[in-house]
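What follows is the content of upload-v7.txt (compact mmCIF, C-alpha atoms).
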```txt
# COMPACT_ATOMS: atom_id res chain seq x y z
CA LEU A 13 0.83 0.36 5.55
CA GLU A 14 3.29 3.06 4.57
CA ARG A 15 4.25 3.54 8.23
CA TYR A 16 5.12 -0.12 8.86
CA CYS A 17 5.39 -1.99 5.55
CA SER A 18 7.28 0.25 3.13
CA ALA A 19 10.92 0.71 2.22
CA THR A 20 10.77 3.94 4.23
CA ALA A 21 9.58 1.97 7.26
CA LEU A 22 12.45 -0.49 6.95
CA ILE A 23 14.92 2.38 6.71
CA ARG A 24 13.37 4.08 9.75
CA MET A 25 13.60 0.86 11.78
CA ALA A 26 17.29 0.48 10.88
CA ARG A 27 18.10 4.11 11.72
CA GLU A 28 16.45 3.74 15.13
CA VAL A 29 18.78 0.91 16.20
CA ILE A 30 21.98 1.36 14.20
CA GLY A 31 23.69 3.37 16.96
CA HIS A 32 23.55 0.33 19.24
CA HIS A 33 25.11 -1.96 16.59
CA PRO A 34 28.31 -0.33 15.29
CA ASP A 35 29.71 -3.73 14.22
CA SER A 36 26.75 -4.67 12.02
CA ALA A 37 26.96 -5.11 8.27
CA ILE A 38 24.44 -2.28 7.97
CA SER A 39 26.72 0.12 9.82
CA ALA A 40 29.66 -0.94 7.66
CA ALA A 41 27.69 -0.51 4.43
CA CYS A 42 26.60 3.02 5.31
CA GLY A 43 29.96 4.04 6.75
CA GLY A 44 28.38 4.56 10.17
CA ASP A 45 26.13 7.33 8.81
CA PRO A 46 22.46 6.47 9.50
CA GLU A 47 21.38 8.95 6.81
CA LYS A 48 22.98 6.73 4.17
CA ILE A 49 20.92 3.66 5.11
CA ASN A 50 18.54 2.47 2.43
CA ALA A 51 16.29 -0.58 2.17
CA LYS A 52 18.74 -2.41 -0.08
CA ILE A 53 21.47 -2.16 2.56
CA VAL A 54 19.17 -3.65 5.20
CA LEU A 55 17.91 -6.41 2.90
CA ASP A 56 21.41 -7.27 1.71
CA ALA A 57 22.58 -7.52 5.33
CA ALA A 58 19.69 -9.88 6.07
CA LYS A 59 20.48 -12.00 3.01
CA GLU A 60 24.10 -12.26 4.19
CA GLY A 61 22.96 -13.44 7.62
CA ASP A 62 23.97 -10.32 9.56
CA PRO A 63 22.24 -10.59 12.98
CA LEU A 64 20.91 -7.01 12.93
CA GLY A 65 19.82 -7.31 9.31
CA MET A 66 18.00 -10.55 10.10
CA LYS A 67 16.33 -9.06 13.19
CA LEU A 68 15.07 -6.06 11.22
CA PHE A 69 13.96 -8.26 8.33
CA ARG A 70 12.02 -10.62 10.64
CA ARG A 71 10.30 -7.65 12.30
CA TYR A 72 9.45 -6.16 8.93
CA VAL A 73 8.12 -9.48 7.58
CA ALA A 74 5.99 -9.96 10.71
CA LEU A 75 4.39 -6.55 10.19
CA LEU A 76 3.91 -7.13 6.48
CA GLY A 77 2.50 -10.59 7.17
CA GLN A 78 -0.06 -9.09 9.55
CA ALA A 79 -1.02 -6.49 6.94
CA VAL A 80 -1.44 -9.13 4.24
CA ALA A 81 -3.52 -11.28 6.58
CA SER A 82 -5.74 -8.30 7.37
CA VAL A 83 -6.44 -7.82 3.66
CA VAL A 84 -7.14 -11.54 3.33
CA ASN A 85 -9.44 -11.53 6.36
CA PHE A 86 -11.46 -8.57 5.07
CA LEU A 87 -11.47 -9.04 1.31
CA ASP A 88 -10.55 -12.67 0.57
CA PRO A 89 -8.62 -11.82 -2.61
CA GLU A 90 -7.32 -14.44 -5.03
CA VAL A 91 -3.97 -12.70 -5.43
CA ILE A 92 -2.00 -9.97 -3.68
CA VAL A 93 0.64 -8.16 -5.73
CA PHE A 94 3.66 -6.44 -4.19
CA GLY A 95 5.20 -3.44 -5.91
CA GLY A 96 7.27 -0.49 -4.80
CA GLY A 97 10.87 -0.32 -3.71
CA VAL A 98 10.86 -3.27 -1.34
CA SER A 99 9.59 -5.54 -4.11
CA LYS A 100 13.14 -5.38 -5.49
CA ALA A 101 14.00 -7.90 -2.75
CA GLY A 102 12.19 -10.44 -4.94
CA THR A 103 11.67 -13.96 -3.75
CA PHE A 104 13.73 -13.37 -0.59
CA LEU A 105 10.93 -11.15 0.69
CA LEU A 106 8.07 -12.95 -1.02
CA ASP A 107 8.99 -16.37 0.37
CA ALA A 108 9.28 -14.96 3.90
CA VAL A 109 5.87 -13.26 3.68
CA ARG A 110 4.30 -16.39 2.18
CA GLU A 111 5.46 -18.28 5.23
CA GLU A 112 4.45 -15.59 7.74
CA PHE A 113 1.01 -14.31 6.77
CA PRO A 114 -1.02 -17.54 7.21
CA ARG A 115 -0.37 -17.32 10.98
CA TYR A 116 -2.66 -14.31 11.11
CA VAL A 117 -5.43 -15.45 8.76
CA LEU A 118 -8.62 -16.04 10.74
CA PHE A 119 -10.27 -18.62 8.50
CA ASN A 120 -7.57 -21.05 7.42
CA ASP A 121 -10.10 -23.39 5.84
CA GLN A 122 -10.39 -21.03 2.86
CA PRO A 123 -7.88 -21.05 0.00
CA LEU A 124 -5.09 -18.56 0.62
CA PRO A 125 -4.31 -15.98 -2.06
CA ARG A 126 -1.24 -16.16 -4.26
CA LEU A 127 1.42 -13.59 -3.42
CA GLU A 128 3.18 -12.22 -6.49
CA LEU A 129 5.61 -9.46 -7.43
CA ALA A 130 4.38 -6.65 -9.65
CA VAL A 131 5.55 -7.13 -13.23
CA LEU A 132 6.46 -3.45 -13.34
CA GLY A 133 8.36 -3.72 -10.04
CA ALA A 134 9.07 -0.49 -8.19
CA ASP A 135 7.48 1.59 -10.96
CA ALA A 136 4.07 -0.11 -10.77
CA GLY A 137 2.40 2.59 -8.67
CA ILE A 138 3.59 5.55 -10.68
CA ILE A 139 2.75 3.90 -14.01
CA GLY A 140 -0.71 2.99 -12.74
CA ALA A 141 -1.28 6.56 -11.54
CA ALA A 142 -0.18 7.94 -14.89
CA MET A 143 -2.58 5.63 -16.72
CA LEU A 144 -5.52 7.02 -14.74
CA SER A 145 -5.19 10.44 -16.32
```
Structure encoded using structure tokens:
Amino acid sequence: LERYCSATALIRMAREVIGHHPDSAISAACGGDPEKINAKIVLDAAKEGDPLGMKLFRRYVALLGQAVASVVNFLDPEVIVFGGGVSKAGTFLLDAVREEFPRYVLFNDQPLPRLELAVLGADAGIIGAAMLS
């Protein structure tokens, strides 16, 4: 999941294509320097309707939707909670994933899980790890 569905993955995807899109909002936001791209820049570009931002966001959501559906197909959870850096995108991301993941669920006659954002947001993982010790 880290390879395809993390903030780092979204950044990597943007860096791979930014050279071919010098007029994109992403390129403008990072001053043309791919090393300055972060997930917020990509997500903000998508929210603003930038064609490259939207293309990257749709690709990312498709991958995340497939990952969520895989969890649903194997474990049938009641709820799936998103944390980490990308969760800062809030309902923009959550609504897109809610729409995408049912396409990949094998047994659509079962109730689908709720998708929620972690209450602790991007710090959820580190706080949870600290509580284990």
Residues within 10 Å of (3.6, -3.2, -6.8), counting all atoms listed in the file, listed as a PyMOL selection string: chain A and resi 92-100+128-138+140
Close residues, Leu118 (chain A) itself excluded, 10 Å, only C-alpha atoms, min 4 positions apart in chain, as a VMD selection string: chain A and resid 81 to 82 84 to 86 114 122
List every residue of region 50-115 of chain A that has an atom at most 9 Å from any atom of region 36-41 of chain A, and for each one report the closest atom pair and its distance in Å to one decimal, counting only C-alpha atoms, with rows sorted by chain and then by increasing residue number, as a Markdown table.
```
| residue | atom | partner | partner_atom | distance |
| --- | --- | --- | --- | --- |
| A:Ile53 | CA | A:Ile38 | CA | 6.2 |
| A:Val54 | CA | A:Ile38 | CA | 6.1 |
| A:Asp56 | CA | A:Ile38 | CA | 8.6 |
| A:Ala57 | CA | A:Ala37 | CA | 5.8 |
| A:Ala58 | CA | A:Ala37 | CA | 9.0 |
| A:Glu60 | CA | A:Ala37 | CA | 8.7 |
| A:Asp62 | CA | A:Ala37 | CA | 6.1 |
| A:Pro63 | CA | A:Ser36 | CA | 7.5 |
| A:Leu64 | CA | A:Ser36 | CA | 6.4 |
| A:Gly65 | CA | A:Ile38 | CA | 7.0 |
```
Atomic distance CA of Lys52 (chain A) - CA of Leu106 (chain A), expressed in Å with one decimal: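 Taking CA of Lys52 (chain A) as the start and CA of Leu106 (chain A) as the end point, the length is 15.0 Å.
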Distance in Å - CA of Arg27 (chain A) versus CA of Glu47 (chain A):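 Answer for the CA of Arg27 (chain A) to CA of Glu47 (chain A) separation: 7.6 Å.
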Shortest interatomic distance to Val73 (chain A) - which of A:Glu112, A:Glu14, A:Asp121, A:Glu28, counting all atoms listed in the file: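 Looking only at the distances to Val73 (chain A), the closest residue turns out to be A:Glu112.
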Point-to-point distance in Å for CA of Leu76 (chain A) and CA of Val29 (chain A):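 Straight-line distance from CA of Val29 (chain A) to CA of Leu76 (chain A) works out to 19.5 Å.
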Option closest in space to Gly102 (chain A), from A:Leu55, A:Gln78, A:Phe69, A:Pro89 [counting all atoms listed in the file]: A:Leu55
Nearest residue to Met66 (chain A) from the set A:Val117, A:Leu124, A:Met143, A:Leu105 (distances using all atoms listed in the file):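 The answer is A:Leu105, which sits nearest to Met66 (chain A).
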